[in-house]
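Read the structure below first, then the notes.
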Amino acid sequence: MKVLQLCNKPPFPPVDGGTLAMNSITQGLLAAGCEVKVLAMSTDKHPVLEDRIPDSYRKATRFESVYVDLSIHPLDAAFALLCADSYHVRRFVSKAFAARLAQLLSEEQFDIIHLESIFLAPYVPIVRSHSKAPLFLRAHNVEHHIWRRMAQGERNPFKRWYIKHLALTLGAYEREHVNDFDGVICITDIDADYFRSQGCRKSIVTIPFAINPAPPASQPEEPNTLFHLGSMDWLPNQEGVRWFLDKVWPLVHSRMPSLTLHLAGRRMPDDLLALQLPGVHMVGEVPDAMQFIASKQINVVPLLSGSGIRVKIVEAMAAGKAVVTTTCGAQGIPYVDGQHLLIADTPEQFAAQIERCVSDPSMRLLLGTNARRLVADTYSTELLTRKLIAFYEKYLNLE
């Protein structure tokens, strides 16, 4: 099976949840014997990191990228506002990317064309005019849900109105164009049910991202440590971390002054880096995410908005870490509260669950053990790749 994987950002190296999810599909298909060609967008926010892409990956995927300018242009934003277009999607329209895609499809034939995110939907007509291969949308999130929830938490009236407008136009675009594809691959059942309820007539399957737990880390944990790891240019992460520092950390620090909080992630905002709070360490980007996770004790994920599934939570679970998160943060994970992770939706609940973890090491160890087992049983690369290929094969009459 020959697959063309179109990505709205470079999937390698896998530096955030989205790229981890993209790369898990690439690696799973390659391991299953498929031929995969990766064509990705390179942007200022997500550039191609040339020195971090090994030759083996380039050779296996014939990796190729096209620069796309995603910077915000006021005139374009105003035009989208007047026309009630989705400015989120509009920014991903590129003549250069369209030209390279058309050229590639005129030169090669593919059995499957796999598009990572609804932001690539504008290129469906180009694909249809140059290829008879079935098209599949990988819906990492119900994208507009993220922006709708962020609007609810915005205090500035004008910003709240504009973010709500962005959410409405993006939601309309998602509903209108989800049927442009031959099939939809969702991360969670919640997202799949949403698309069905909104009139998606195409086949939908739920396939979470794949991850295989690594062997238990040999390095010792630093005692009395909390950590958060996530891309800090993703607005829901910023929102959650600011809420935690403002509402939760004062409670935690007053009750457990020996605890330290370590905040890591790409593109940490300057104002957060400049913060000087007792017990809080602003780490910023780390060279090795799994080593950072292994060195700390309790993962806190104070997510207040979002959709899909939080890859960094599953990574921490795969590493056998106790996780304290919100109902929103745990969305899409088949967990049992108190068995695989701990749920907290208010500052008081968050502080209490952290205190519970710290004061009971045996419970913390059990949470990590159960979490690791859940990941092994649910997110196996081989298992999920088989499910993905079976979904593809329905359209190729290969069953």
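FYI, nothing fancy with the structure tokens labels: chains A, B, ... in order, residues from 1 per chain, ligands from 1 as they appear.
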Which residues of region 292-379 of chain A come within 12 Å of region 166-190 of chain A, and for each one, what is the closest pair of atoms and their distance in Å to one decimal, counting only C-alpha atoms, sorted by chain and residue number, as JSON lines?
```
{"residue": "A:Ser307", "atom": "CA", "partner": "A:Ile190", "partner_atom": "CA", "distance": 8.9}
{"residue": "A:Gly308", "atom": "CA", "partner": "A:Ile187", "partner_atom": "CA", "distance": 5.7}
{"residue": "A:Ile309", "atom": "CA", "partner": "A:Ile187", "partner_atom": "CA", "distance": 6.6}
{"residue": "A:Arg310", "atom": "CA", "partner": "A:Ile187", "partner_atom": "CA", "distance": 10.0}
{"residue": "A:Val311", "atom": "CA", "partner": "A:Ile187", "partner_atom": "CA", "distance": 10.4}
{"residue": "A:Cys328", "atom": "CA", "partner": "A:Ile190", "partner_atom": "CA", "distance": 11.6}
{"residue": "A:Ala330", "atom": "CA", "partner": "A:Thr188", "partner_atom": "CA", "distance": 11.1}
{"residue": "A:Gln331", "atom": "CA", "partner": "A:Thr188", "partner_atom": "CA", "distance": 8.1}
{"residue": "A:Gly332", "atom": "CA", "partner": "A:Thr188", "partner_atom": "CA", "distance": 5.0}
{"residue": "A:Ile333", "atom": "CA", "partner": "A:Thr188", "partner_atom": "CA", "distance": 8.0}
{"residue": "A:Pro334", "atom": "CA", "partner": "A:Thr188", "partner_atom": "CA", "distance": 9.7}
{"residue": "A:Tyr379", "atom": "CA", "partner": "A:Ile187", "partner_atom": "CA", "distance": 11.2}
```
Counting only C-alpha atoms, what is within 10 Å of Ile343 (chain A), bar same-chain residues fewer than 3 positions away, as a PyMOL selection string? chain A and resi 301-302+323-330+336-338+340+346+349-350+353
Write to file, as a short mmCIF file (atom, residue, chain, number, x, y, z; two decimals), in the first residue's frame, the residues of the selection just made, with C-alpha atoms.
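This is the output file again.cif:
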```cif
data_model
loop_
_atom_site.label_atom_id
_atom_site.label_comp_id
_atom_site.auth_asym_id
_atom_site.auth_seq_id
_atom_site.Cartn_x
_atom_site.Cartn_y
_atom_site.Cartn_z
CA VAL A 301 -2.05 18.99 33.53
CA PRO A 302 -4.44 21.85 34.36
CA VAL A 323 -1.10 12.27 36.72
CA VAL A 324 -3.40 14.92 38.17
CA THR A 325 -5.53 16.61 35.51
CA THR A 326 -8.94 18.06 34.75
CA THR A 327 -11.91 16.33 33.20
CA CYS A 328 -11.09 18.24 30.02
CA GLY A 329 -7.45 17.15 30.14
CA ALA A 330 -8.36 13.48 30.50
CA VAL A 336 -10.94 5.28 35.88
CA ASP A 337 -10.54 8.19 38.29
CA GLY A 338 -8.43 7.09 41.22
CA HIS A 340 -5.26 5.38 36.34
CA THR A 346 -11.28 23.33 40.91
CA GLN A 349 -9.65 19.79 44.28
CA PHE A 350 -6.31 20.14 42.47
CA GLN A 353 -5.31 15.55 44.84
#
```
Contacts between region 222-227 of chain A and region 349-386 of chain A, please, where a residue of region 349-386 of chain A counts if it comes within 12 Å (with only C-alpha atoms); show its shortest atom pair and distance in Å to one decimal, rows by chain and ascending number, as a Markdown table.
```
| residue | atom | partner | partner_atom | distance |
| --- | --- | --- | --- | --- |
| A:Ala351 | CA | A:Leu226 | CA | 11.7 |
| A:Ile354 | CA | A:Leu226 | CA | 8.7 |
| A:Glu355 | CA | A:Asn224 | CA | 10.6 |
| A:Cys357 | CA | A:Asn224 | CA | 10.1 |
| A:Val358 | CA | A:Asn224 | CA | 7.2 |
| A:Ser359 | CA | A:Asn224 | CA | 10.0 |
| A:Asp360 | CA | A:Asn224 | CA | 11.9 |
| A:Pro361 | CA | A:Asn224 | CA | 10.7 |
```
Write out, as a compact mmCIF listing (two decimals), in the first residue's frame, the residues just selected, with all heavy atoms.
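Printed below is again04.txt as written:
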```
# COMPACT_ATOMS: atom_id res chain seq x y z
N ALA A 351 -5.38 21.00 44.53
CA ALA A 351 -4.45 21.00 45.66
C ALA A 351 -4.62 19.73 46.51
O ALA A 351 -3.64 19.13 46.96
CB ALA A 351 -4.67 22.25 46.51
N ILE A 354 -3.14 16.64 44.67
CA ILE A 354 -1.68 16.67 44.73
C ILE A 354 -1.21 16.25 46.12
O ILE A 354 -0.28 15.44 46.25
CB ILE A 354 -1.16 18.08 44.37
CG1 ILE A 354 -1.39 18.36 42.87
CG2 ILE A 354 0.33 18.20 44.70
CD1 ILE A 354 -1.10 19.80 42.48
N GLU A 355 -1.85 16.78 47.14
CA GLU A 355 -1.48 16.42 48.51
C GLU A 355 -1.68 14.93 48.75
O GLU A 355 -0.87 14.27 49.42
CB GLU A 355 -2.32 17.24 49.50
CG GLU A 355 -1.87 17.09 50.94
CD GLU A 355 -2.56 18.06 51.86
OE1 GLU A 355 -3.57 18.68 51.44
OE2 GLU A 355 -2.09 18.22 53.00
N CYS A 357 -1.44 12.56 46.53
CA CYS A 357 -0.34 11.86 45.83
C CYS A 357 0.96 11.93 46.62
O CYS A 357 1.68 10.93 46.73
CB CYS A 357 -0.11 12.49 44.45
SG CYS A 357 -0.85 11.59 43.09
N VAL A 358 1.25 13.10 47.13
CA VAL A 358 2.51 13.30 47.83
C VAL A 358 2.55 12.52 49.15
O VAL A 358 3.56 11.91 49.50
CB VAL A 358 2.74 14.80 48.11
CG1 VAL A 358 3.95 15.02 49.01
CG2 VAL A 358 2.93 15.55 46.79
N SER A 359 1.43 12.51 49.86
CA SER A 359 1.40 11.90 51.19
C SER A 359 1.27 10.39 51.16
O SER A 359 1.48 9.73 52.18
CB SER A 359 0.25 12.49 52.00
OG SER A 359 -1.00 12.20 51.39
N ASP A 360 0.92 9.82 50.02
CA ASP A 360 0.73 8.36 49.92
C ASP A 360 1.56 7.80 48.76
O ASP A 360 1.05 7.59 47.66
CB ASP A 360 -0.76 8.06 49.71
CG ASP A 360 -1.08 6.57 49.84
OD1 ASP A 360 -0.13 5.76 49.85
OD2 ASP A 360 -2.28 6.23 49.93
N PRO A 361 2.85 7.53 48.99
CA PRO A 361 3.72 7.03 47.91
C PRO A 361 3.23 5.72 47.30
O PRO A 361 3.41 5.50 46.09
CB PRO A 361 5.07 6.84 48.61
CG PRO A 361 5.02 7.75 49.79
CD PRO A 361 3.59 7.76 50.23
```
I'd like a table as JSON lines: residues in region 233-340 of chain A with an atom no more than 7 Å from region 193-217 of chain A, each row giving the shortest atom pair and its distance in Å to one decimal, only C-alpha atoms counted, sorted by chain and rising residue number.
```
{"residue": "A:Ala294", "atom": "CA", "partner": "A:Ala217", "partner_atom": "CA", "distance": 6.1}
{"residue": "A:Ala318", "atom": "CA", "partner": "A:Pro213", "partner_atom": "CA", "distance": 4.8}
{"residue": "A:Ala319", "atom": "CA", "partner": "A:Pro213", "partner_atom": "CA", "distance": 6.5}
```
Selected residues written out with N, CA and C atoms, as a JSON list (two decimals), in the first residue's frame:
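Once written, result-v6.json looks like this:
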```json
[["chain", "number", "residue", "atom", "x", "y", "z"],
["A", 294, "ALA", "N", 10.96, 11.34, 33.31],
["A", 294, "ALA", "CA", 11.46, 10.30, 34.21],
["A", 294, "ALA", "C", 12.05, 10.89, 35.49],
["A", 318, "ALA", "N", 2.60, 6.44, 30.15],
["A", 318, "ALA", "CA", 3.46, 5.38, 29.61],
["A", 318, "ALA", "C", 4.75, 5.27, 30.39],
["A", 319, "ALA", "N", 5.18, 6.39, 30.98],
["A", 319, "ALA", "CA", 6.40, 6.39, 31.79],
["A", 319, "ALA", "C", 6.13, 5.98, 33.24]]
```
Residue with smallest distance to Arg372 (chain A) - pool A:Ser65, A:Asn397, A:Gln339, A:Thr385, counting only C-alpha atoms: A:Gln339
Tell me, counting only C-alpha atoms, for each residue of region 184-277 of chain A within 12 Å of region 37-58 of chain A, which pair of atoms is nearest and how far apart they are in Å to one decimal, in rows ordered by chain and increasing number, as a Markdown table.
```
| residue | atom | partner | partner_atom | distance |
| --- | --- | --- | --- | --- |
| A:Ser231 | CA | A:His46 | CA | 11.2 |
| A:Met232 | CA | A:Lys45 | CA | 11.5 |
| A:Asp233 | CA | A:Lys45 | CA | 8.5 |
| A:Trp234 | CA | A:Lys45 | CA | 10.6 |
| A:Arg266 | CA | A:Lys45 | CA | 10.6 |
| A:Arg267 | CA | A:Lys45 | CA | 9.3 |
```
Export C-alpha atoms of the chosen residues as a PDB file, in the first residue's frame?
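Printed below is selection_25.pdb as written:
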```pdb
ATOM      1  CA  SER A 231       4.097  23.161  23.893  1.00  0.00           C
ATOM      2  CA  MET A 232       3.613  26.627  25.324  1.00  0.00           C
ATOM      3  CA  ASP A 233       2.716  28.196  21.999  1.00  0.00           C
ATOM      4  CA  TRP A 234      -0.545  26.223  22.212  1.00  0.00           C
ATOM      5  CA  ARG A 266       8.733  24.843  23.700  1.00  0.00           C
ATOM      6  CA  ARG A 267       8.239  28.594  23.247  1.00  0.00           C
TER       7      ARG A 267
END
```
Report as a PyMOL selection string all protein, DNA and RNA residues lying within 8 Å of Leu263 (chain A), evaluated on only C-alpha atoms, omitting residues in the same chain fewer than 4 positions from it. chain A and resi 227-229+280-284
Would you pick out the contacts of region 148-161 of chain A at 8 Å or less, using only C-alpha atoms, so that residues sharing its chain but fewer than 2 positions from it are not included, and give the list as a PyMOL selection string? chain A and resi 144-146+163-165+167-168+236+304-306
Would you mind telling me which residue in A:Pro11, A:Gln5, A:Leu105, A:Ser254 lies nearest to Arg128 (chain A) when using only C-alpha atoms?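 The shortest atom-to-atom distance to Arg128 (chain A) comes from A:Leu105.
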Among region 8-77 of chain A, which ones does DSSP assign to strand (DSSP E) (computed from the backbone)? Answer as a list in words. Glu35, Val36, Lys37, Val38, Leu39, Ala40, Met41, Ser42, Glu64, Ser65, Val66 and Tyr67 of chain A
Residue nearest His140 (chain A) - candidates A:Leu261, A:Ile126, A:Ile118, A:Ala96, atoms counted: only C-alpha atoms: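 Going through A:Leu261, A:Ile126, A:Ile118, A:Ala96 one by one, the smallest distance to His140 (chain A) is for A:Ile118.
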Work out how far apart CA of Leu396 (chain A) and CA of Leu137 (chain A) are and give it in Å to one decimal.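 Pair CA of Leu396 (chain A) / CA of Leu137 (chain A) returns 16.3 Å.
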Pick from A:Ala21, A:Leu82, A:Ala99, A:Val241, whichever lies nearest to Leu272 (chain A) using only C-alpha atoms: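 Counting only C-alpha atoms, the residue closest to Leu272 (chain A) is A:Val241.
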Looking at only C-alpha atoms, which of A:Tyr335, A:Trp147, A:Leu29, A:Ala371 is the one that sits closest to Ala316 (chain A)?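 Between A:Tyr335, A:Trp147, A:Leu29, A:Ala371, the residue approaching Ala316 (chain A) most closely is A:Ala371.
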For the atom pair CA of Gly368 (chain A) and CA of Leu342 (chain A), what is the interatomic distance in Å to one decimal place?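 Separating CA of Gly368 (chain A) from CA of Leu342 (chain A) is a distance of 10.9 Å.
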In Å, rounded to a single decimal, give me how far CA of Asn8 (chain A) is from CA of Lys95 (chain A). 14.4 Å
Considering only C-alpha atoms, can you say which of A:Glu221, A:Glu35, A:Asp69, A:Asp377 comes closest to Ser295 (chain A)?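 Nearest to Ser295 (chain A): A:Glu221.
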When DSSP works through the backbone of this structure, what residues of region 224-315 of chain A end up as alpha helix (DSSP H), shown as a ChimeraX atom specification? /A:235-243,249-255,270-273,289-295,311-315
